$ cat protein-v2.cif   # mmCIF, C-alpha atoms
data_my_file
loop_
_atom_site.group_PDB
_atom_site.id
_atom_site.type_symbol
_atom_site.label_atom_id
_atom_site.label_comp_id
_atom_site.auth_asym_id
_atom_site.auth_seq_id
_atom_site.Cartn_x
_atom_site.Cartn_y
_atom_site.Cartn_z
ATOM 1 C CA MET A 52 134.717 302.371 -20.465
ATOM 2 C CA ASP A 53 133.612 302.017 -16.847
ATOM 3 C CA GLU A 54 131.754 298.812 -17.747
ATOM 4 C CA ILE A 55 134.856 297.346 -19.406
ATOM 5 C CA ILE A 56 136.998 298.187 -16.369
ATOM 6 C CA ALA A 57 134.381 296.713 -14.013
ATOM 7 C CA PHE A 58 134.224 293.516 -16.097
ATOM 8 C CA ASP A 59 138.028 293.305 -16.171
ATOM 9 C CA GLN A 60 138.175 293.676 -12.378
ATOM 10 C CA ALA A 61 135.421 291.115 -11.789
ATOM 11 C CA LEU A 62 137.088 288.608 -14.123
ATOM 12 C CA PHE A 63 140.414 289.209 -12.392
ATOM 13 C CA LEU A 64 138.896 288.617 -8.938
ATOM 14 C CA GLU A 65 137.311 285.371 -10.125
ATOM 15 C CA LEU A 66 140.494 284.049 -11.757
ATOM 16 C CA ASN A 67 142.740 285.176 -8.898
ATOM 17 C CA SER A 68 140.557 283.651 -6.179
ATOM 18 C CA HIS A 69 141.363 280.008 -7.011
ATOM 19 C CA GLN A 70 144.663 279.250 -5.269
ATOM 20 C CA SER A 71 146.485 276.129 -4.119
ATOM 21 C CA PRO A 72 150.028 275.492 -2.871
ATOM 22 C CA PHE A 73 150.843 273.403 -5.962
ATOM 23 C CA TRP A 74 149.606 276.032 -8.432
ATOM 24 C CA ASP A 75 151.202 278.842 -6.428
ATOM 25 C CA ALA A 76 154.616 277.243 -6.931
ATOM 26 C CA ALA A 77 153.893 276.278 -10.550
ATOM 27 C CA MET A 78 152.761 279.779 -11.513
ATOM 28 C CA VAL A 79 155.757 281.423 -9.850
ATOM 29 C CA LEU A 80 157.983 279.096 -11.877
ATOM 30 C CA ILE A 81 156.094 279.654 -15.147
ATOM 31 C CA SER A 82 156.176 283.419 -14.654
ATOM 32 C CA ASN A 83 159.910 283.567 -13.907
ATOM 33 C CA LYS A 84 161.589 284.880 -17.063
ATOM 34 C CA TYR A 85 164.946 283.334 -16.115
ATOM 35 C CA VAL A 86 163.461 279.823 -16.159
ATOM 36 C CA TRP A 87 162.906 280.193 -19.902
ATOM 37 C CA PHE A 88 166.467 281.280 -20.818
ATOM 38 C CA PRO A 89 167.550 277.693 -21.678
ATOM 39 C CA PHE A 90 164.557 277.431 -24.048
ATOM 40 C CA TYR A 91 165.554 280.702 -25.720
ATOM 41 C CA GLY A 92 169.154 279.521 -25.970
ATOM 42 C CA VAL A 93 168.115 276.251 -27.621
ATOM 43 C CA LEU A 94 165.849 278.152 -30.017
ATOM 44 C CA VAL A 95 168.673 280.512 -31.034
ATOM 45 C CA GLY A 96 171.059 277.576 -31.379
ATOM 46 C CA LEU A 97 168.631 275.674 -33.621
ATOM 47 C CA PHE A 98 168.088 278.698 -35.861
ATOM 48 C CA ILE A 99 171.828 279.174 -36.336
ATOM 49 C CA TYR A 100 172.628 275.467 -36.665
ATOM 50 C CA PHE A 101 169.987 274.712 -39.288
ATOM 51 C CA TYR A 102 169.847 278.005 -41.182
ATOM 52 C CA LYS A 103 173.421 279.396 -40.871
ATOM 53 C CA ARG A 104 173.417 283.081 -41.905
ATOM 54 C CA LYS A 105 169.679 283.101 -42.396
ATOM 55 C CA GLY A 106 169.441 281.780 -38.831
ATOM 56 C CA TRP A 107 171.273 284.863 -37.609
ATOM 57 C CA LEU A 108 168.718 287.002 -39.432
ATOM 58 C CA MET A 109 165.969 284.984 -37.731
ATOM 59 C CA VAL A 110 167.587 285.625 -34.334
ATOM 60 C CA LEU A 111 167.958 289.349 -35.055
ATOM 61 C CA SER A 112 164.345 289.570 -36.222
ATOM 62 C CA LEU A 113 163.068 287.645 -33.211
ATOM 63 C CA GLY A 114 165.111 289.922 -30.944
ATOM 64 C CA ALA A 115 163.608 292.955 -32.676
ATOM 65 C CA SER A 116 160.108 291.550 -32.165
ATOM 66 C CA VAL A 117 160.651 291.005 -28.431
ATOM 67 C CA GLY A 118 162.559 294.260 -27.978
ATOM 68 C CA LEU A 119 159.833 296.278 -29.670
ATOM 69 C CA ALA A 120 157.074 294.514 -27.712
ATOM 70 C CA ASP A 121 158.910 295.163 -24.452
ATOM 71 C CA PHE A 122 159.593 298.806 -25.299
ATOM 72 C CA ILE A 123 155.965 299.490 -26.255
ATOM 73 C CA SER A 124 154.595 297.739 -23.164
ATOM 74 C CA SER A 125 157.085 298.885 -20.509
ATOM 75 C CA GLY A 126 158.589 301.998 -22.008
ATOM 76 C CA ILE A 127 155.503 303.637 -23.485
ATOM 77 C CA LEU A 128 152.191 302.219 -22.267
ATOM 78 C CA LYS A 129 152.814 301.480 -18.578
ATOM 79 C CA PRO A 130 153.981 305.011 -17.712
ATOM 80 C CA THR A 131 151.501 306.678 -20.100
ATOM 81 C CA VAL A 132 148.342 304.795 -19.112
ATOM 82 C CA ALA A 133 149.447 304.471 -15.455
ATOM 83 C CA ARG A 134 146.850 301.829 -14.533
ATOM 84 C CA LEU A 135 147.608 300.365 -11.131
ATOM 85 C CA ARG A 136 148.378 296.681 -10.889
ATOM 86 C CA PRO A 137 145.591 294.759 -9.119
ATOM 87 C CA CYS A 138 147.867 294.112 -6.137
ATOM 88 C CA HIS A 139 148.378 297.892 -5.759
ATOM 89 C CA ASP A 140 144.703 298.786 -6.232
ATOM 90 C CA ALA A 141 143.175 299.289 -2.768
ATOM 91 C CA MET A 142 139.682 299.439 -4.347
ATOM 92 C CA LEU A 143 139.820 295.685 -5.046
ATOM 93 C CA GLY A 144 140.343 294.623 -1.457
ATOM 94 C CA THR A 145 142.367 291.473 -0.881
ATOM 95 C CA VAL A 146 144.354 290.229 -3.860
ATOM 96 C CA ASN A 147 146.368 287.019 -3.765
ATOM 97 C CA ALA A 148 149.780 288.380 -4.742
ATOM 98 C CA ILE A 149 151.789 285.183 -4.362
ATOM 99 C CA ASP A 150 155.230 286.411 -5.444
ATOM 100 C CA GLY A 151 155.251 290.120 -4.638
ATOM 101 C CA CYS A 152 153.634 292.880 -6.604
ATOM 102 C CA GLY A 153 156.224 294.298 -8.972
ATOM 103 C CA GLY A 154 156.103 297.840 -10.284
ATOM 104 C CA GLN A 155 153.221 300.176 -9.649
ATOM 105 C CA TYR A 156 151.646 300.052 -13.128
ATOM 106 C CA GLY A 157 150.449 297.017 -15.033
ATOM 107 C CA PHE A 158 148.875 298.047 -18.331
ATOM 108 C CA VAL A 159 150.079 296.295 -20.434
ATOM 109 C CA SER A 160 151.689 293.020 -19.444
ATOM 110 C CA SER A 161 155.259 292.842 -20.711
ATOM 111 C CA HIS A 162 155.320 289.111 -19.961
ATOM 112 C CA ALA A 163 152.357 288.574 -22.297
ATOM 113 C CA ALA A 164 153.745 290.919 -24.959
ATOM 114 C CA ASN A 165 157.152 289.233 -24.956
ATOM 115 C CA ALA A 166 155.832 285.661 -24.807
ATOM 116 C CA PHE A 167 153.463 286.254 -27.715
ATOM 117 C CA ALA A 168 156.190 288.071 -29.670
ATOM 118 C CA VAL A 169 158.348 284.930 -29.411
ATOM 119 C CA ALA A 170 155.550 282.416 -29.965
ATOM 120 C CA ILE A 171 153.952 284.094 -32.974
ATOM 121 C CA PHE A 172 157.261 284.894 -34.668
ATOM 122 C CA VAL A 173 158.393 281.256 -34.373
ATOM 123 C CA ILE A 174 154.967 279.996 -35.437
ATOM 124 C CA LEU A 175 155.179 282.144 -38.569
ATOM 125 C CA LEU A 176 158.626 280.672 -39.313
ATOM 126 C CA LEU A 177 157.575 277.054 -38.918
ATOM 127 C CA PRO A 178 156.233 275.018 -41.830
ATOM 128 C CA LYS A 179 152.539 274.072 -41.755
ATOM 129 C CA LYS A 180 153.300 270.451 -40.887
ATOM 130 C CA GLN A 181 154.774 271.521 -37.517
ATOM 131 C CA TRP A 182 151.293 272.053 -36.056
ATOM 132 C CA LEU A 183 152.065 270.292 -32.750
ATOM 133 C CA PHE A 184 155.006 272.603 -32.000
ATOM 134 C CA LYS A 185 152.835 275.590 -32.959
ATOM 135 C CA ILE A 186 150.157 274.512 -30.480
ATOM 136 C CA LEU A 187 152.794 274.027 -27.765
ATOM 137 C CA LEU A 188 154.124 277.539 -28.386
ATOM 138 C CA LEU A 189 150.636 279.010 -28.034
ATOM 139 C CA VAL A 190 150.004 277.036 -24.838
ATOM 140 C CA TRP A 191 153.369 278.255 -23.505
ATOM 141 C CA ALA A 192 152.505 281.922 -24.228
ATOM 142 C CA LEU A 193 149.022 281.501 -22.732
ATOM 143 C CA ALA A 194 150.428 279.815 -19.604
ATOM 144 C CA ILE A 195 152.891 282.651 -19.017
ATOM 145 C CA SER A 196 150.118 285.180 -19.573
ATOM 146 C CA TYR A 197 147.640 283.452 -17.256
ATOM 147 C CA SER A 198 150.301 283.111 -14.562
ATOM 148 C CA ARG A 199 150.396 286.907 -14.303
ATOM 149 C CA VAL A 200 146.686 287.028 -13.423
ATOM 150 C CA TYR A 201 147.021 284.087 -11.036
ATOM 151 C CA LEU A 202 149.903 285.841 -9.268
ATOM 152 C CA GLY A 203 147.809 288.985 -8.823
ATOM 153 C CA VAL A 204 149.967 291.363 -10.849
ATOM 154 C CA HIS A 205 147.852 291.879 -14.000
ATOM 155 C CA TYR A 206 144.240 292.214 -15.014
ATOM 156 C CA PRO A 207 142.992 290.052 -17.908
ATOM 157 C CA GLY A 208 142.786 293.243 -20.005
ATOM 158 C CA ASP A 209 146.496 293.872 -19.379
ATOM 159 C CA ILE A 210 147.206 290.374 -20.657
ATOM 160 C CA THR A 211 144.986 290.716 -23.723
ATOM 161 C CA ALA A 212 146.524 294.053 -24.733
ATOM 162 C CA GLY A 213 150.032 292.685 -24.135
ATOM 163 C CA ALA A 214 149.302 289.622 -26.273
ATOM 164 C CA LEU A 215 148.004 291.828 -29.094
ATOM 165 C CA ILE A 216 151.160 293.948 -28.963
ATOM 166 C CA GLY A 217 153.306 290.809 -29.079
ATOM 167 C CA ILE A 218 151.351 289.460 -32.036
ATOM 168 C CA ALA A 219 151.659 292.789 -33.887
ATOM 169 C CA THR A 220 155.409 293.072 -33.308
ATOM 170 C CA ALA A 221 155.902 289.451 -34.399
ATOM 171 C CA TRP A 222 154.060 290.121 -37.662
ATOM 172 C CA LEU A 223 156.009 293.321 -38.233
ATOM 173 C CA SER A 224 159.341 291.622 -37.553
ATOM 174 C CA MET A 225 158.375 288.724 -39.807
ATOM 175 C CA TYR A 226 157.569 291.183 -42.586
ATOM 176 C CA PHE A 227 161.038 292.762 -42.324
ATOM 177 C CA TYR A 228 162.685 289.340 -41.959
ATOM 178 C CA ARG A 229 161.103 288.151 -45.216
ATOM 179 C CA LYS A 230 161.991 291.364 -47.046
ATOM 180 C CA ALA A 231 165.622 291.228 -45.864
ATOM 181 C CA SER A 232 166.012 287.529 -46.637
ATOM 182 C CA GLU A 233 164.599 288.029 -50.161
ATOM 183 C CA ARG A 234 166.443 291.231 -50.981
ATOM 184 C CA PHE A 235 169.938 290.690 -49.613
ATOM 185 C CA LEU A 236 171.958 287.716 -50.926
ATOM 186 C CA PHE A 237 174.067 287.702 -47.758
ATOM 187 C CA TRP A 238 171.112 286.401 -45.713
ATOM 188 C CA GLN A 239 170.117 283.705 -48.217
ATOM 189 C CA ARG A 240 172.899 281.256 -47.329
#

$ encode --input "protein-v2.cif" --output "structure tokens"
Amino acid sequence: MDEIIAFDQALFLELNSHQSPFWDAAMVLISNKYVWFPFYGVLVGLFIYFYKRKGWLMVLSLGASVGLADFISSGILKPTVARLRPCHDAMLGTVNAIDGCGGQYGFVSSHAANAFAVAIFVILLLPKKQWLFKILLLVWALAISYSRVYLGVHYPGDITAGALIGIATAWLSMYFYRKASERFLFWQR
């Protein structure tokens, strides 16, 4: 375990050491959850507009995916594991924390968990021919995740674990979405 932690710290220091004024501003913007609210609003609107009642089930399922990912990451793992964020870890020395440090604990990244919960759930909903939009969703989730390392608030391991939680909750929510949409006639219109 010590070797994994040492690798995670070394990778963090390498990724966090490359800074520029342009990327500082870009990563702060990418990492800001409020910047993405219009995107979420459009997504919800499209689900409801095109799928009517089934769209509402999609929205509820997507909300469950994100809510569960956020609860597991912030409500359970951060206080239980209690791993310091890189910007709070004095053992690392100087960390480029561009936009403040946030809470004390960072394992796992809620940003990564939530972004991957959204991206994977929507990817699973989309037809196969929508490959370009699927790639854009993955790039979006990866950009948000990487921004957390760039900003000095998460280790790469925090991001990886958060992404895995988001992927798992998306799959679980998709499973229940499909079961509900098949079983209950109300959601089929």

$ resolve_selection --input "protein-v2.cif" --expression "the PyMOL selection byres ((chain A and resi 164) around 7)" --output "number ranges by chain"
A: 120-121, 160-163, 165-168, 213-214, 216-217

$ residues_around --input "protein-v2.cif" --residues "A:Gly96" --least-positions-apart "5" --cutoff "12 Å" --atoms "only C-alpha atoms" --output "VMD selection string"
chain A and resid 89 to 91 101 to 103 106 to 107 109 to 110

$ atom_distance --input "protein-v2.cif" --atom1 "atom CA of A:Gly114" --atom2 "atom CA of A:Phe237"
19.2 Å

$ atom_distance --input "protein-v2.cif" --atom1 "atom CA of A:Leu128" --atom2 "atom CA of A:Phe158"
6.6 Å

$ atom_distance --input "protein-v2.cif" --atom1 "atom CA of A:Ile210" --atom2 "atom CA of A:Ala194"
11.1 Å

$ closest_residue --input "protein-v2.cif" --among "A:Met52, A:Leu94, A:Asp75, A:Gln70" --to "A:Leu113" --atoms "only C-alpha atoms"
A:Leu94

$ closest_residue --input "protein-v2.cif" --among "A:Val190, A:Arg199, A:Ile99, A:Gly92" --to "A:Leu80" --atoms "all atoms listed in the file"
A:Arg199

$ closest_atom_pairs --input "protein-v2.cif" --of "stretch 96-121 of chain A" --to "stretch 223-233 of chain A" --cutoff "8 Å" --atoms "all atoms listed in the file" --output "JSON lines"
{"residue": "A:Lys105", "atom": "CA", "partner": "A:Ser232", "partner_atom": "CA", "distance": 7.1}
{"residue": "A:Leu108", "atom": "CA", "partner": "A:Tyr228", "partner_atom": "CA", "distance": 6.9}
{"residue": "A:Met109", "atom": "CA", "partner": "A:Tyr228", "partner_atom": "CA", "distance": 6.9}
{"residue": "A:Ser112", "atom": "CA", "partner": "A:Ser224", "partner_atom": "CA", "distance": 5.6}
{"residue": "A:Leu113", "atom": "CA", "partner": "A:Ser224", "partner_atom": "CA", "distance": 7.0}
{"residue": "A:Ala115", "atom": "CA", "partner": "A:Ser224", "partner_atom": "CA", "distance": 6.6}
{"residue": "A:Ser116", "atom": "CA", "partner": "A:Ser224", "partner_atom": "CA", "distance": 5.4}

$ residues_near_point --input "protein-v2.cif" --point "(155.1, 276.0, -12.9)" --cutoff "12 Å" --atoms "only C-alpha atoms" --output "ChimeraX atom specification"
/A:72-84,86-87,191,194-195,197-199,201-202

$ residues_around --input "protein-v2.cif" --residues "A:Pro207" --least-positions-apart "6" --cutoff "8 Å" --atoms "only C-alpha atoms" --output "ChimeraX atom specification"
/A:59,62-63,200

$ residues_near_point --input "protein-v2.cif" --point "(150.6, 291.9, -0.3)" --cutoff "7 Å" --atoms "only C-alpha atoms" --output "JSON, numbers by chain"
{"A": [138, 148, 151]}

$ write_last_selection --input "protein-v2.cif" --atoms "C-alpha atoms" --output "PDB file, in the coordinates of the input"
ATOM      1  CA  CYS A 138     147.867 294.112  -6.137  1.00  0.00           C
ATOM      2  CA  ALA A 148     149.780 288.380  -4.742  1.00  0.00           C
ATOM      3  CA  GLY A 151     155.251 290.120  -4.638  1.00  0.00           C
TER       4      GLY A 151
END

$ resolve_selection --input "protein-v2.cif" --expression "the PyMOL selection byres ((chain A and resi 154) around 12)" --output "ChimeraX atom specification"
/A:125,129-130,133-139,151-153,155-161,204-205

$ closest_residue --input "protein-v2.cif" --among "A:Leu175, A:Thr211, A:Ile127, A:Tyr206" --to "A:Ile56" --atoms "all atoms listed in the file"
A:Tyr206

$ decode --input "protein-v2.cif" --residues "stretch 74-105 of chain A" --atoms "N, CA and C atoms" --output "JSON list (two decimals), in the first residue's frame"
[["chain", "number", "residue", "atom", "x", "y", "z"],
["A", 74, "TRP", "N", -4.11, 28.11, -18.30],
["A", 74, "TRP", "CA", -4.67, 26.87, -17.79],
["A", 74, "TRP", "C", -5.19, 27.01, -16.37],
["A", 75, "ASP", "N", -4.58, 27.90, -15.59],
["A", 75, "ASP", "CA", -5.11, 28.16, -14.25],
["A", 75, "ASP", "C", -6.57, 28.61, -14.35],
["A", 76, "ALA", "N", -6.81, 29.61, -15.20],
["A", 76, "ALA", "CA", -8.17, 30.13, -15.36],
["A", 76, "ALA", "C", -9.10, 29.09, -15.97],
["A", 77, "ALA", "N", -8.60, 28.35, -16.97],
["A", 77, "ALA", "CA", -9.44, 27.34, -17.62],
["A", 77, "ALA", "C", -9.83, 26.23, -16.65],
["A", 78, "MET", "N", -8.90, 25.78, -15.84],
["A", 78, "MET", "CA", -9.19, 24.69, -14.90],
["A", 78, "MET", "C", -10.12, 25.13, -13.77],
["A", 79, "VAL", "N", -9.99, 26.36, -13.33],
["A", 79, "VAL", "CA", -10.92, 26.89, -12.33],
["A", 79, "VAL", "C", -12.33, 26.89, -12.91],
["A", 80, "LEU", "N", -12.46, 27.32, -14.16],
["A", 80, "LEU", "CA", -13.75, 27.34, -14.83],
["A", 80, "LEU", "C", -14.31, 25.93, -15.02],
["A", 81, "ILE", "N", -13.49, 25.03, -15.52],
["A", 81, "ILE", "CA", -13.93, 23.64, -15.75],
["A", 81, "ILE", "C", -14.37, 22.98, -14.46],
["A", 82, "SER", "N", -13.68, 23.28, -13.37],
["A", 82, "SER", "CA", -13.95, 22.64, -12.09],
["A", 82, "SER", "C", -15.16, 23.23, -11.36],
["A", 83, "ASN", "N", -15.60, 24.41, -11.77],
["A", 83, "ASN", "CA", -16.71, 25.07, -11.10],
["A", 83, "ASN", "C", -18.03, 24.39, -11.44],
["A", 84, "LYS", "N", -18.66, 23.77, -10.46],
["A", 84, "LYS", "CA", -19.89, 23.00, -10.72],
["A", 84, "LYS", "C", -21.03, 23.88, -11.23],
["A", 85, "TYR", "N", -21.04, 25.16, -10.86],
["A", 85, "TYR", "CA", -22.13, 26.04, -11.29],
["A", 85, "TYR", "C", -22.05, 26.39, -12.77],
["A", 86, "VAL", "N", -20.87, 26.31, -13.35],
["A", 86, "VAL", "CA", -20.70, 26.57, -14.78],
["A", 86, "VAL", "C", -21.48, 25.55, -15.61],
["A", 87, "TRP", "N", -21.63, 24.35, -15.08],
["A", 87, "TRP", "CA", -22.25, 23.26, -15.83],
["A", 87, "TRP", "C", -23.76, 23.19, -15.65],
["A", 88, "PHE", "N", -24.35, 24.02, -14.79],
["A", 88, "PHE", "CA", -25.80, 23.97, -14.58],
["A", 88, "PHE", "C", -26.61, 24.18, -15.87],
["A", 89, "PRO", "N", -26.22, 25.10, -16.76],
["A", 89, "PRO", "CA", -26.98, 25.22, -18.02],
["A", 89, "PRO", "C", -26.94, 23.92, -18.84],
["A", 90, "PHE", "N", -25.80, 23.25, -18.86],
["A", 90, "PHE", "CA", -25.70, 21.96, -19.56],
["A", 90, "PHE", "C", -26.67, 20.94, -18.96],
["A", 91, "TYR", "N", -26.70, 20.87, -17.62],
["A", 91, "TYR", "CA", -27.62, 19.94, -16.96],
["A", 91, "TYR", "C", -29.07, 20.30, -17.26],
["A", 92, "GLY", "N", -29.35, 21.60, -17.26],
["A", 92, "GLY", "CA", -30.72, 22.04, -17.57],
["A", 92, "GLY", "C", -31.15, 21.66, -18.97],
["A", 93, "VAL", "N", -30.25, 21.85, -19.94],
["A", 93, "VAL", "CA", -30.54, 21.47, -21.33],
["A", 93, "VAL", "C", -30.74, 19.96, -21.42],
["A", 94, "LEU", "N", -29.91, 19.20, -20.75],
["A", 94, "LEU", "CA", -30.02, 17.74, -20.77],
["A", 94, "LEU", "C", -31.37, 17.30, -20.22],
["A", 95, "VAL", "N", -31.78, 17.84, -19.09],
["A", 95, "VAL", "CA", -33.07, 17.51, -18.49],
["A", 95, "VAL", "C", -34.20, 17.91, -19.45],
["A", 96, "GLY", "N", -34.09, 19.11, -20.00],
["A", 96, "GLY", "CA", -35.11, 19.58, -20.95],
["A", 96, "GLY", "C", -35.24, 18.68, -22.17],
["A", 97, "LEU", "N", -34.11, 18.23, -22.70],
["A", 97, "LEU", "CA", -34.15, 17.33, -23.87],
["A", 97, "LEU", "C", -34.78, 15.98, -23.52],
["A", 98, "PHE", "N", -34.45, 15.45, -22.37],
["A", 98, "PHE", "CA", -35.05, 14.18, -21.94],
["A", 98, "PHE", "C", -36.58, 14.32, -21.89],
["A", 99, "ILE", "N", -37.05, 15.37, -21.26],
["A", 99, "ILE", "CA", -38.49, 15.55, -21.07],
["A", 99, "ILE", "C", -39.17, 15.88, -22.40],
["A", 100, "TYR", "N", -38.54, 16.72, -23.21],
["A", 100, "TYR", "CA", -39.13, 17.11, -24.48],
["A", 100, "TYR", "C", -39.29, 15.91, -25.43],
["A", 101, "PHE", "N", -38.23, 15.12, -25.56],
["A", 101, "PHE", "CA", -38.26, 14.02, -26.51],
["A", 101, "PHE", "C", -38.93, 12.74, -25.99],
["A", 102, "TYR", "N", -38.87, 12.52, -24.69],
["A", 102, "TYR", "CA", -39.34, 11.24, -24.15],
["A", 102, "TYR", "C", -40.55, 11.34, -23.23],
["A", 103, "LYS", "N", -41.07, 12.54, -23.01],
["A", 103, "LYS", "CA", -42.26, 12.78, -22.19],
["A", 103, "LYS", "C", -42.15, 12.13, -20.81],
["A", 104, "ARG", "N", -43.06, 11.23, -20.47],
["A", 104, "ARG", "CA", -43.02, 10.59, -19.15],
["A", 104, "ARG", "C", -41.75, 9.77, -18.95],
["A", 105, "LYS", "N", -41.36, 9.08, -19.99],
["A", 105, "LYS", "CA", -40.13, 8.29, -19.89],
["A", 105, "LYS", "C", -38.93, 9.21, -19.64]]
